[in-house]
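Engineer: Here it is, the structure, as structure tokens.
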Amino acid sequence: MKKVITGNQAAAHAARLAKPNVVAVYPITPQTSVSEMMADFVAKGLLKAQLIRVESEHSVMAALIGAAQTGARTFTATSSHGLALMHELLHWATGARLSIVMVNINRAMGTPWTIWCDHLDSLSQRDTGWMQFYCESSQEALDTVLQAYKLAEQVNLPAMVNLDGFYLSHTVEPVDIPEQELVDAFLPARNPSYKLDVDDPHSFGALTSPEHYYELRYKAQKEMEQAKNLLKQINSDYSQIFGRSYPAVEKVQTEDAETILLTIATTVGTCRWTVKKLRKQGYKVGLVKLKMFRPFPAEDLLEAIPEGPRIVVLDRNLSIGMGGIIQQELKSVFHSAGRRNQIFSAIAGLGGRDITPVQIEQVVNQSLHDMYTADQINWLGGKI
Amino acid sequence: MPEVARSESGSEWNRTGSWSTVIPIHQNKTAPCQRDCPVGVDIPVYLDLIKHKKYQKAYKIVKETNPIPAITGRVCYHPCEDGCNRKVLDQPLAIHSLERFIGDWGLENTPVKKIKTEPQKGKIAIVGSGPAGLSCAYHMIRKGYPVTIFEKESQAGGMLRMGIPEYRLPEKILDKELKSILDLGIELKLNCQVGKDVAWEEIKKYAAVFLATGAYRSRKMNVPGENLEQVKPALEFLINVNLGEKFDFTGQKVLVLGRGNTAIDAARAALRCGAEVSILSRSGMEEMIATQEEISLATEEGVQIVELVDIEAFEWIDAEQVRVNCVRLQREVNKSGQIKYAVVKDSEFSLTGNLVLVAKGQDSDLQSLPQELEKSASLVKADRFGRTSDEKFYAGGDLALATKTVAYALGSGRKAALAIEAYLNKMNSVAREESILVTRETDLNLAYFVKAPREKEIHLDSQTRRLGFKEVNAGMESEAILREVARCFSCATCNSCDNCYIFCPDLAVYKENHQYKIRTEYCKGCGICVQECPRDAIELVAKVGEEV
Amino acid sequence: MNPSELEFLEAPFHQGHLACAGCGERIGHKLALQALGSKTILVIPACCSTVIDGIFPHTASKLPLMHTAFETTAAAASGVRAALVSSGKSDVTVVGWAGDGGTFDIGFQALSAAAERNEDFIYVCYDNEAYMNTGIQRSSATPYGAWTTTTPLGQTKDLPKKNIVEILAAHRIPYVATVNPAYPQDLMAKFRKAKRISGFRFIHLLAACPTGWKFDSDLTIKLGRLAVETKIFPLYEVEDGEIYRITYRPKGVPVQEYLLEQGRFKHLRPEDIGYIQEFVDKSWHELLLKEKYSHEQEVAERSGGK
């Protein structure tokens, strides 16, 4: 059923349809309404779940780990500092191989306090072993949450679905909310092989010596690599049932492009519009949307981007001391593959500053006219 | 390997016993009561059985060493009670009351089965049917040897019958106990004095001979006037009383000289015959050999006890009266803490009495024994197992021991039986028995015991007592028995309290067939089990060699 | 009772665990599990018990055991319970088994929140009065005057022990109790009682530690007993934050007898001991008053109300 709803509402509906057994909630702007809606669903009997109203995000993740370890399907939402507070437990959930699904509404990190959109919060968790997806639209957010459950439960690794704060979380758009029966057909109940069970007692997460730790990590890596293929299958299944699918990497007019923009989340939407405009003006510009950030889809990226064009990566994040995180990951993949494409880095939209078509046109121009080099940071939209 | 760090197996592979250089062992040691009991009764074990109302089993334990508990419970001077560790908490256990209780119960409830002896093992001759002879006979027949007792008198019992009065040991009880022993199949020849009615040559034909003829010769004081007819041996008087002779001492004054139980018994007997009685003791009251109970019973009845008196001479007054010339003594403690008595200068005084009974101890008649046996002073020379200079002859009781008590006599008979068995089986040594480790009060964990007063026995009131020879002590009533036995610490003897099992952090203590065992492969040697054992029944010992 | 349950009660965990010789936590754990039975899930944060359980792929535990991060016991246990409820498994006991560090300090927030939410599990704090697992550093459970590596001689702890029982009682949870392995019947009775109650239950277990308190390993139970007999560690329970019940009345022993047997208190001067004695006497007196008052209230309610 199509409804005009916000991104938070879309995420909450997706979580409801996934039928988690245990939901832990803690508020933080701009995620709060997701938690409130979960509470509302439970109160109205629309969702049969145990709702734990914990006292901090750290306890949110601890509670979900406990629940997932006992066999439950789990859900929560957070942002920024809430996510950062969970940091040690994000590692813990991965090591425990628990398929927790969490929605993260991207928000910049303090200090100073800020509530506006920026991707550093989730990207700075890239080493914790969580799968990460970024959404361009509220529809995509809803669909991605459902796919994330299926994927996470197949590979036994946790997944984070990211939505831009305010751009998606608080703006409305028409979203098709699927019927429960269709979702049930797509996503059966969670049934992990490892769980706390008085009829089959084991100890989980005990002290592990150098003898065994290495291989446990190796196994997690292998499973996550598998996720790349599994996502393709899941997308195909999803498409069959719901008529929508989202590849890990989407290419737009890249075949003959001289300049390819590469970015994530809502900036992709702005880029689509700008590419159309620039093409009309005769520029051979293309776009690559990176949907899945972890596992990093190296093969798909190498396939989407031909040998020649320069790539302009728009990072809505800044790893101080290095630069943009996505451009860094891309460069490492392309270098390992022996590719000679020039990769330009632009930092834009930090702390929720809008990334506008004017800025995008500007950076395309600048890269075209060698106004800066690939080893420089283009502080796009910055008042420097 | 699993996908996650999920356990695959338990930790039992980790033999943490290797951390420890010591292991605990459950080892029953010796309780002080056991150590001090001359008979060797396993006191903590039988008391624990009484606690659980397992009277048959308790009786069996006592009877393993002591054939006459109903008697000893009444007459023994109970050195066990002096050693009892309970005194560190409140008062020592009234062990004798519990022994009497179980002895009486056993006589009522335990039928005696005749033992089928094996004559080819060898026939045993016992000379004398007092406690020593009875004990040896009892233990030998239980080992399967046919036994014959030769008793000079017309009744068996020795000093039990002769020397201990009715009000302390009713004849009924004595006869019941005797029957329970003799019914095992022991042959008893009364009115049969060896050396007179039967020759020593006949006795020497037996495989082994145990001599237990006792000591009935009252010692002389070697004081002027000792031979006056008003001055008689106390034992002689007692024997006559015990054999049924009636005396009437109404209005008469009887002086008893002595400081042991014979003096007390003679005094109380004379009292019951109507006399006004005084005991003159050389020792101070606390050092009298008689037990404090006997002393207080006597004084309650009206016996006067004069302490620290030495006798210088007896003087004839007339046919009915005699003067006793006395001198006072005083206590002196020498450098080694020993108490000595010195004459107080110019303290002479006299007392008048109608009859003087002398109770200064007894010696044995050694003349009637085979001459070749070595003697020592007034005893047959025998080691602690009763072995004499002749390998076939054994001696015990008052005949061989300086300490002349029923308990020592019983113990000597039992030990001689062990020695006789060793001799007849050509073994080199006699079985060693108890552990030499004795539990002291500092070895106990008193946190597990609650104070409780010692229960009292029921005595006839002192007025009624004087009127006749009814048994004075009725023992403890049944509820009191259970309360009293519950006070036993069970020193050195595991009684399955479970403390070691409850408190072991390593699950290294377990129970198998009602016994505790240690899983030494896991025990880390912390020692908590040893510390928390209330009764010193476990000990930590060093591991030897490869023991893990 | 089925034979495997009987087997479990005989030995509620495997031998070969890594506890120090004489460990008070193990004695407490054994007795607690014997009272709770095998339909129990354990949640254990970083603490001595973590290491005692042993190294992957082995475990000393015979129960399902979830190791969790240091400060998360109460939150993780809440999650476990939520999952059990959602799958209809209502007869499983959930137990958080945490040290004093993970309870009084770093885990305090999650503990207080779970108590406030009246989460349905038993939280057991086995208290060895310092961060023992990392080598004897002070915690807010370390008593006044004690030596630890972070309160060394010259700077020994000059603050009193946090009263965790009263803090939990103030949360008005259904049941709080103190237990001590030296009093096994009292301990097991309280665990059995806790098992039958729903909602948040907190049990404070004094775990004497030979390694950290510096005493010979055979004195664990003796010192546990002295802690109670000196009234330093009273045995009591509080229901609904209101009804106080002292479950054992010691005759009273001078605190000195308990303190000077431990190396961590050997340096105390007579005035320190006097100060501690005063504090203990005052606390005991207050406890008696609380018990008396709550008893009077109970009686008044019963006769007046119904």
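Identifiers in the structure tokens: chain A, B, ... in order shown; residue index from 1 per chain; ligand index from 1 in order shown.
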Which residues come within 9 Å of Phe233 in chain C, counting only C-alpha atoms, excluding same-chain residues fewer than 6 positions away, as a ChimeraX atom specification?

Structural biologist: /C:178-180,206,224,226-227

Engineer: Up to 9 Å from chain B, what residues of chain C turn up? Count only C-alpha atoms and give them as a ChimeraX atom specification.

Structural biologist: /C:10-31,53-62,181-182,184,216-222,225

Engineer: Grab the residues selected above and save them as a compact mmCIF listing (two decimals), in the first residue's frame with N, CA and C atoms.

Structural biologist:
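What ended up in selection-v5.txt:
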```txt
# COMPACT_ATOMS: atom_id res chain seq x y z
N GLU C 10 24.99 -32.79 42.02
CA GLU C 10 26.20 -33.32 42.62
C GLU C 10 27.40 -32.46 42.24
N ALA C 11 27.47 -32.09 40.98
CA ALA C 11 28.61 -31.32 40.48
C ALA C 11 28.09 -30.31 39.45
N PRO C 12 27.74 -29.09 39.91
CA PRO C 12 27.10 -28.13 38.99
C PRO C 12 28.05 -27.50 37.98
N PHE C 13 29.32 -27.76 38.09
CA PHE C 13 30.24 -27.35 37.03
C PHE C 13 31.37 -28.38 36.99
N HIS C 14 32.17 -28.29 35.94
CA HIS C 14 33.23 -29.28 35.77
C HIS C 14 34.41 -28.97 36.67
N GLN C 15 35.13 -30.04 37.02
CA GLN C 15 36.44 -29.84 37.64
C GLN C 15 37.39 -29.33 36.58
N GLY C 16 38.53 -28.87 37.01
CA GLY C 16 39.53 -28.38 36.06
C GLY C 16 39.38 -26.91 35.74
N HIS C 17 38.52 -26.23 36.53
CA HIS C 17 38.38 -24.80 36.29
C HIS C 17 39.60 -24.06 36.84
N LEU C 18 39.69 -22.77 36.46
CA LEU C 18 40.95 -22.06 36.72
C LEU C 18 40.94 -21.17 37.97
N ALA C 19 40.02 -21.38 38.88
CA ALA C 19 40.00 -20.56 40.09
C ALA C 19 41.24 -20.81 40.94
N CYS C 20 41.64 -19.79 41.69
CA CYS C 20 42.75 -19.96 42.64
C CYS C 20 42.34 -21.01 43.69
N ALA C 21 43.31 -21.62 44.32
CA ALA C 21 43.02 -22.56 45.41
C ALA C 21 42.33 -21.80 46.53
N GLY C 22 41.21 -22.32 47.00
CA GLY C 22 40.51 -21.67 48.11
C GLY C 22 39.56 -20.55 47.70
N CYS C 23 39.21 -20.50 46.43
CA CYS C 23 38.38 -19.39 45.93
C CYS C 23 36.97 -19.39 46.51
N GLY C 24 36.59 -18.26 47.12
CA GLY C 24 35.25 -18.14 47.71
C GLY C 24 34.15 -18.09 46.65
N GLU C 25 34.46 -17.55 45.48
CA GLU C 25 33.44 -17.45 44.42
C GLU C 25 32.97 -18.83 44.01
N ARG C 26 33.89 -19.78 43.90
CA ARG C 26 33.53 -21.13 43.46
C ARG C 26 32.61 -21.82 44.45
N ILE C 27 32.88 -21.63 45.74
CA ILE C 27 32.03 -22.26 46.74
C ILE C 27 30.62 -21.66 46.63
N GLY C 28 30.57 -20.33 46.53
CA GLY C 28 29.27 -19.66 46.37
C GLY C 28 28.55 -20.09 45.10
N HIS C 29 29.29 -20.20 44.02
CA HIS C 29 28.70 -20.57 42.73
C HIS C 29 28.12 -21.97 42.80
N LYS C 30 28.88 -22.86 43.42
CA LYS C 30 28.42 -24.25 43.54
C LYS C 30 27.11 -24.30 44.32
N LEU C 31 27.08 -23.66 45.48
CA LEU C 31 25.89 -23.70 46.32
C LEU C 31 24.71 -23.03 45.62
N ASP C 53 36.07 -19.90 33.97
CA ASP C 53 35.37 -20.78 33.05
C ASP C 53 36.30 -21.48 32.08
N GLY C 54 37.47 -20.90 31.88
CA GLY C 54 38.45 -21.59 31.05
C GLY C 54 38.54 -21.03 29.65
N ILE C 55 39.37 -21.64 28.85
CA ILE C 55 39.72 -21.12 27.54
C ILE C 55 39.05 -21.93 26.44
N PHE C 56 38.47 -21.23 25.44
CA PHE C 56 37.88 -21.86 24.27
C PHE C 56 38.86 -22.89 23.70
N PRO C 57 38.45 -24.06 23.25
CA PRO C 57 37.07 -24.54 23.12
C PRO C 57 36.53 -25.30 24.32
N HIS C 58 37.15 -25.12 25.51
CA HIS C 58 36.65 -25.83 26.69
C HIS C 58 35.87 -24.89 27.57
N THR C 59 35.05 -25.47 28.44
CA THR C 59 34.33 -24.66 29.42
C THR C 59 34.18 -25.46 30.70
N ALA C 60 34.18 -24.75 31.83
CA ALA C 60 33.90 -25.43 33.09
C ALA C 60 32.40 -25.45 33.37
N SER C 61 31.65 -24.72 32.53
CA SER C 61 30.23 -24.58 32.82
C SER C 61 29.42 -25.75 32.25
N LYS C 62 28.43 -26.18 33.03
CA LYS C 62 27.51 -27.19 32.51
C LYS C 62 26.20 -26.53 32.07
N PRO C 181 29.00 -17.86 51.61
CA PRO C 181 29.22 -19.31 51.48
C PRO C 181 29.51 -20.02 52.81
N ALA C 182 29.94 -19.29 53.82
CA ALA C 182 30.18 -19.93 55.11
C ALA C 182 28.88 -20.32 55.80
N PRO C 184 25.98 -22.04 54.32
CA PRO C 184 25.40 -22.63 53.12
C PRO C 184 23.89 -22.78 53.13
N ASP C 216 45.92 -17.31 53.96
CA ASP C 216 46.16 -18.68 53.50
C ASP C 216 44.88 -19.29 52.94
N SER C 217 45.04 -20.05 51.90
CA SER C 217 43.88 -20.53 51.15
C SER C 217 42.90 -21.37 51.95
N ASP C 218 43.29 -21.89 53.11
CA ASP C 218 42.35 -22.74 53.86
C ASP C 218 41.42 -21.93 54.75
N LEU C 219 41.60 -20.60 54.79
CA LEU C 219 40.79 -19.81 55.73
C LEU C 219 39.58 -19.13 55.10
N THR C 220 39.29 -19.46 53.85
CA THR C 220 38.18 -18.80 53.14
C THR C 220 36.88 -18.86 53.92
N ILE C 221 36.50 -20.04 54.37
CA ILE C 221 35.23 -20.17 55.08
C ILE C 221 35.32 -19.53 56.45
N LYS C 222 36.44 -19.71 57.11
CA LYS C 222 36.59 -19.13 58.45
C LYS C 222 36.42 -17.61 58.38
N ARG C 225 32.92 -16.62 57.73
CA ARG C 225 32.14 -16.72 58.96
C ARG C 225 32.40 -15.51 59.86
```

Engineer: Wanna dump the chain A-chain B contacts at 10 Å for me, each residue with its shortest atom pair and the distance in Å to one decimal, counting only C-alpha atoms, ordered by chain and number, as CSV?

Structural biologist:
```
residue,atom,partner,partner_atom,distance
A:Thr94,CA,B:Val4,CA,9.7
A:Gly95,CA,B:Val4,CA,7.1
A:Ala96,CA,B:Val4,CA,6.1
A:Arg97,CA,B:Val4,CA,6.6
A:Leu98,CA,B:Val4,CA,9.7
A:Asn156,CA,B:Glu3,CA,9.4
A:Tyr194,CA,B:Arg6,CA,8.0
A:Lys195,CA,B:Arg6,CA,9.4
A:Pro201,CA,B:Ser7,CA,8.9
A:His202,CA,B:Ser7,CA,5.4
A:Ser203,CA,B:Ser7,CA,5.2
A:Phe204,CA,B:Arg6,CA,4.6
A:Gly205,CA,B:Ala5,CA,5.1
A:Ala206,CA,B:Ala5,CA,6.5
A:Leu207,CA,B:Ala5,CA,8.5
A:Thr208,CA,B:Ala5,CA,7.4
A:His212,CA,B:Ala5,CA,8.7
A:Tyr213,CA,B:Ala5,CA,8.5
A:Glu215,CA,B:Met1,CA,8.8
A:Leu216,CA,B:Val4,CA,6.4
A:Arg217,CA,B:Val4,CA,9.2
A:Tyr218,CA,B:Glu3,CA,9.8
A:Lys219,CA,B:Glu3,CA,6.7
A:Ala220,CA,B:Glu3,CA,8.0
A:Glu223,CA,B:Glu3,CA,9.9
```

Engineer: Store the residues picked out above in a file with N, CA and C atoms, as a short mmCIF file (atom, residue, chain, number, x, y, z; two decimals), in the first residue's frame.

Structural biologist:
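Wrote it out as part-v1.cif, contents follow:
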```
data_model
loop_
_atom_site.label_atom_id
_atom_site.label_comp_id
_atom_site.auth_asym_id
_atom_site.auth_seq_id
_atom_site.Cartn_x
_atom_site.Cartn_y
_atom_site.Cartn_z
N THR A 94 29.79 -8.72 16.14
CA THR A 94 30.40 -9.36 14.98
C THR A 94 31.13 -10.63 15.39
N GLY A 95 31.95 -10.53 16.43
CA GLY A 95 32.69 -11.68 16.91
C GLY A 95 31.76 -12.80 17.34
N ALA A 96 30.60 -12.40 17.89
CA ALA A 96 29.63 -13.40 18.32
C ALA A 96 28.81 -13.93 17.16
N ARG A 97 29.02 -13.33 15.96
CA ARG A 97 28.32 -13.75 14.74
C ARG A 97 26.82 -13.71 14.92
N LEU A 98 26.33 -12.57 15.38
CA LEU A 98 24.90 -12.41 15.61
C LEU A 98 24.29 -11.50 14.55
N ASN A 156 25.19 -14.80 9.16
CA ASN A 156 25.42 -14.63 10.59
C ASN A 156 26.40 -13.52 10.88
N TYR A 194 23.43 -21.59 16.53
CA TYR A 194 24.12 -21.41 17.80
C TYR A 194 23.29 -20.50 18.68
N LYS A 195 22.81 -21.02 19.81
CA LYS A 195 22.11 -20.15 20.74
C LYS A 195 22.17 -20.72 22.15
N PRO A 201 23.64 -27.05 26.44
CA PRO A 201 24.41 -25.96 27.02
C PRO A 201 25.83 -25.84 26.44
N HIS A 202 26.19 -24.60 26.13
CA HIS A 202 27.56 -24.28 25.72
C HIS A 202 27.91 -22.94 26.32
N SER A 203 29.20 -22.67 26.34
CA SER A 203 29.58 -21.33 26.74
C SER A 203 29.96 -20.58 25.47
N PHE A 204 29.55 -19.31 25.40
CA PHE A 204 29.79 -18.50 24.19
C PHE A 204 30.70 -17.34 24.50
N GLY A 205 31.71 -17.13 23.65
CA GLY A 205 32.54 -15.95 23.77
C GLY A 205 33.60 -16.06 24.83
N ALA A 206 34.00 -17.28 25.17
CA ALA A 206 35.01 -17.46 26.23
C ALA A 206 36.37 -16.93 25.77
N LEU A 207 37.24 -16.79 26.75
CA LEU A 207 38.61 -16.36 26.50
C LEU A 207 39.23 -17.27 25.43
N THR A 208 39.78 -16.67 24.38
CA THR A 208 40.30 -17.46 23.27
C THR A 208 41.76 -17.09 23.03
N HIS A 212 43.39 -19.89 18.36
CA HIS A 212 42.11 -20.01 17.65
C HIS A 212 41.55 -18.69 17.13
N TYR A 213 41.98 -17.58 17.72
CA TYR A 213 41.34 -16.30 17.40
C TYR A 213 41.43 -15.97 15.91
N GLU A 215 41.65 -17.73 13.20
CA GLU A 215 40.76 -18.44 12.29
C GLU A 215 39.31 -17.99 12.44
N LEU A 216 38.92 -17.62 13.67
CA LEU A 216 37.56 -17.13 13.85
C LEU A 216 37.35 -15.85 13.03
N ARG A 217 38.33 -15.01 13.02
CA ARG A 217 38.26 -13.77 12.23
C ARG A 217 38.24 -14.09 10.75
N TYR A 218 39.06 -15.05 10.40
CA TYR A 218 39.14 -15.46 8.99
C TYR A 218 37.77 -15.93 8.50
N LYS A 219 37.11 -16.72 9.37
CA LYS A 219 35.79 -17.24 8.98
C LYS A 219 34.80 -16.11 8.75
N ALA A 220 34.87 -15.09 9.61
CA ALA A 220 33.95 -13.95 9.44
C ALA A 220 34.22 -13.25 8.12
N GLU A 223 32.74 -15.24 5.25
CA GLU A 223 31.28 -15.13 5.18
C GLU A 223 30.88 -13.80 4.59
#
```

Engineer: With only C-alpha atoms considered, list every residue of chain A at most 10 Å from chain C, as a VMD selection string.

Structural biologist: chain A and resid 20 to 24 48 to 56 58 to 74 88 to 89 92 96 195 to 209 211 to 213

Engineer: Only C-alpha atoms, please: the residues just picked out, written as an mmCIF file, in the first residue's frame.

Structural biologist:
```cif
data_model
loop_
_atom_site.group_PDB
_atom_site.id
_atom_site.type_symbol
_atom_site.label_atom_id
_atom_site.label_comp_id
_atom_site.auth_asym_id
_atom_site.auth_seq_id
_atom_site.Cartn_x
_atom_site.Cartn_y
_atom_site.Cartn_z
ATOM 1 C CA PRO A 20 11.634 -8.908 15.381
ATOM 2 C CA ASN A 21 11.166 -10.718 18.706
ATOM 3 C CA VAL A 22 13.092 -8.206 20.766
ATOM 4 C CA VAL A 23 13.458 -4.469 20.174
ATOM 5 C CA ALA A 24 15.599 -2.247 22.343
ATOM 6 C CA LYS A 48 4.391 -8.811 18.976
ATOM 7 C CA ALA A 49 7.792 -8.067 20.402
ATOM 8 C CA GLN A 50 9.489 -7.628 23.757
ATOM 9 C CA LEU A 51 10.379 -3.941 23.999
ATOM 10 C CA ILE A 52 13.262 -3.095 26.280
ATOM 11 C CA ARG A 53 13.507 0.596 27.169
ATOM 12 C CA VAL A 54 17.136 0.630 28.158
ATOM 13 C CA GLU A 55 19.049 3.512 29.675
ATOM 14 C CA SER A 56 21.739 4.070 27.017
ATOM 15 C CA HIS A 58 25.512 0.847 24.983
ATOM 16 C CA SER A 59 22.864 -1.112 26.872
ATOM 17 C CA VAL A 60 20.731 -1.201 23.711
ATOM 18 C CA MET A 61 23.378 -3.179 21.919
ATOM 19 C CA ALA A 62 24.152 -5.299 25.005
ATOM 20 C CA ALA A 63 20.507 -6.228 25.338
ATOM 21 C CA LEU A 64 20.215 -7.090 21.638
ATOM 22 C CA ILE A 65 23.338 -9.209 21.838
ATOM 23 C CA GLY A 66 21.829 -11.081 24.786
ATOM 24 C CA ALA A 67 18.562 -11.522 22.929
ATOM 25 C CA ALA A 68 20.152 -12.551 19.637
ATOM 26 C CA GLN A 69 22.396 -15.005 21.467
ATOM 27 C CA THR A 70 19.238 -16.583 22.835
ATOM 28 C CA GLY A 71 17.793 -16.980 19.323
ATOM 29 C CA ALA A 72 15.683 -13.858 18.910
ATOM 30 C CA ARG A 73 15.431 -11.610 15.849
ATOM 31 C CA THR A 74 16.324 -8.116 17.020
ATOM 32 C CA GLU A 88 32.893 -1.797 21.612
ATOM 33 C CA LEU A 89 29.701 -3.829 21.330
ATOM 34 C CA TRP A 92 31.316 -7.839 20.122
ATOM 35 C CA ALA A 96 29.628 -13.403 18.321
ATOM 36 C CA LYS A 195 22.112 -20.147 20.739
ATOM 37 C CA LEU A 196 21.803 -20.290 24.509
ATOM 38 C CA ASP A 197 19.723 -23.372 25.214
ATOM 39 C CA VAL A 198 19.315 -25.237 28.492
ATOM 40 C CA ASP A 199 18.862 -28.445 26.513
ATOM 41 C CA ASP A 200 22.175 -27.980 24.714
ATOM 42 C CA PRO A 201 24.414 -25.957 27.021
ATOM 43 C CA HIS A 202 27.558 -24.282 25.722
ATOM 44 C CA SER A 203 29.584 -21.329 26.743
ATOM 45 C CA PHE A 204 29.790 -18.505 24.195
ATOM 46 C CA GLY A 205 32.540 -15.946 23.767
ATOM 47 C CA ALA A 206 35.015 -17.461 26.226
ATOM 48 C CA LEU A 207 38.612 -16.360 26.497
ATOM 49 C CA THR A 208 40.304 -17.457 23.269
ATOM 50 C CA SER A 209 44.021 -17.858 22.857
ATOM 51 C CA GLU A 211 45.651 -20.659 18.873
ATOM 52 C CA HIS A 212 42.112 -20.006 17.647
ATOM 53 C CA TYR A 213 41.344 -16.298 17.396
#
```

Engineer: Can you work out the spacing between CA of Thr247 in chain C and CA of Lys193 in chain C in Å, to one decimal?

Structural biologist: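 Those two atoms sit 13.0 Å apart.
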
Engineer: Which of range 472-524 of chain B end up as helix (DSSP H, G or I) when DSSP is run on this backbone - answer as a PyMOL selection string?

Structural biologist: chain B and resi 478-486+499-503

Engineer: Keeping only C-alpha atoms, take the residues you just selected and write them out as a PDB file, in the first residue's frame.

Structural biologist:
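Final output, out.pdb:
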```pdb
ATOM      1  CA  SER B 478      16.159 -41.567  77.764  1.00  0.00           C
ATOM      2  CA  GLU B 479      15.668 -37.978  76.516  1.00  0.00           C
ATOM      3  CA  ALA B 480      18.721 -36.910  78.477  1.00  0.00           C
ATOM      4  CA  ILE B 481      20.718 -39.741  76.886  1.00  0.00           C
ATOM      5  CA  LEU B 482      19.955 -38.408  73.419  1.00  0.00           C
ATOM      6  CA  ARG B 483      20.788 -34.861  74.427  1.00  0.00           C
ATOM      7  CA  GLU B 484      24.014 -35.941  76.070  1.00  0.00           C
ATOM      8  CA  VAL B 485      25.200 -38.090  73.175  1.00  0.00           C
ATOM      9  CA  ALA B 486      24.532 -35.200  70.810  1.00  0.00           C
ATOM     10  CA  ASN B 499      31.450 -30.088  55.560  1.00  0.00           C
ATOM     11  CA  CYS B 500      34.419 -31.116  53.407  1.00  0.00           C
ATOM     12  CA  TYR B 501      32.033 -31.964  50.596  1.00  0.00           C
ATOM     13  CA  ILE B 502      30.013 -28.747  50.901  1.00  0.00           C
ATOM     14  CA  PHE B 503      32.959 -26.380  51.052  1.00  0.00           C
TER      15      PHE B 503
END
```

Engineer: Can you list, as a ChimeraX atom specification, every protein, DNA or RNA residue that comes within 9 Å of range 276-284 of chain B when you count only C-alpha atoms, leaving out same-chain residues fewer than 6 positions away?

Structural biologist: /B:249-260,263-264,267-268,270,302-311,328-331,341

Engineer: Excluding Ala407 in chain B and residues on its chain fewer than 2 positions from it, collect all residues at most 8 Å away from it, counting only C-alpha atoms, and give them as a PyMOL selection string.

Structural biologist: chain B and resi 37-39+72+76+405+409-411

Engineer: Per DSSP on the backbone, what are the strand (DSSP E) residues of range 366-519 of chain B, as number ranges by chain?

Structural biologist: B: 375-376, 379-380, 393-395, 509-512, 515-518

Engineer: For Leu368 in chain A, find every residue with an atom within 10 Å (counting only C-alpha atoms), except residues of its own chain fewer than 2 positions away, and show them as number ranges by chain.

Structural biologist: A: 258-259, 283, 310, 362-366, 370-372

Engineer: Would you save the residues from that selection as a compact mmCIF listing (two decimals), in the first residue's frame, using N, CA and C atoms?

Structural biologist:
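Final file, selection.txt:
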```txt
# COMPACT_ATOMS: atom_id res chain seq x y z
N GLU A 258 33.58 10.55 -19.33
CA GLU A 258 34.96 10.98 -19.15
C GLU A 258 35.19 11.27 -17.67
N THR A 259 34.11 11.69 -17.03
CA THR A 259 34.16 11.94 -15.58
C THR A 259 33.02 11.16 -14.93
N TYR A 283 28.54 17.62 -21.48
CA TYR A 283 29.61 16.99 -20.71
C TYR A 283 29.38 15.48 -20.68
N ARG A 310 38.09 9.77 -15.40
CA ARG A 310 38.47 10.16 -14.06
C ARG A 310 37.25 9.98 -13.16
N GLN A 362 30.50 22.35 -10.10
CA GLN A 362 31.79 22.99 -9.84
C GLN A 362 32.91 21.97 -9.76
N VAL A 363 32.66 20.88 -9.06
CA VAL A 363 33.75 19.92 -8.89
C VAL A 363 34.03 19.18 -10.19
N VAL A 364 32.98 18.95 -10.97
CA VAL A 364 33.19 18.30 -12.29
C VAL A 364 34.09 19.19 -13.13
N ASN A 365 33.74 20.49 -13.13
CA ASN A 365 34.52 21.47 -13.88
C ASN A 365 35.98 21.49 -13.44
N GLN A 366 36.14 21.55 -12.15
CA GLN A 366 37.49 21.68 -11.60
C GLN A 366 38.33 20.45 -11.95
N ASP A 370 41.73 20.42 -14.66
CA ASP A 370 42.95 20.23 -13.86
C ASP A 370 43.16 21.34 -12.87
N MET A 371 42.09 21.78 -12.28
CA MET A 371 42.24 22.86 -11.31
C MET A 371 42.67 22.32 -9.95
N TYR A 372 42.58 21.02 -9.86
CA TYR A 372 43.25 20.44 -8.70
C TYR A 372 43.63 19.02 -9.04
```

Engineer: Can you work out which one of C:Ala170, C:Leu235, C:Cys48, C:Ala115 has the shortest atom-to-atom distance to Leu187 in chain C, counting only C-alpha atoms?

Structural biologist: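 Result for the nearest residue to Leu187 in chain C: C:Leu235.
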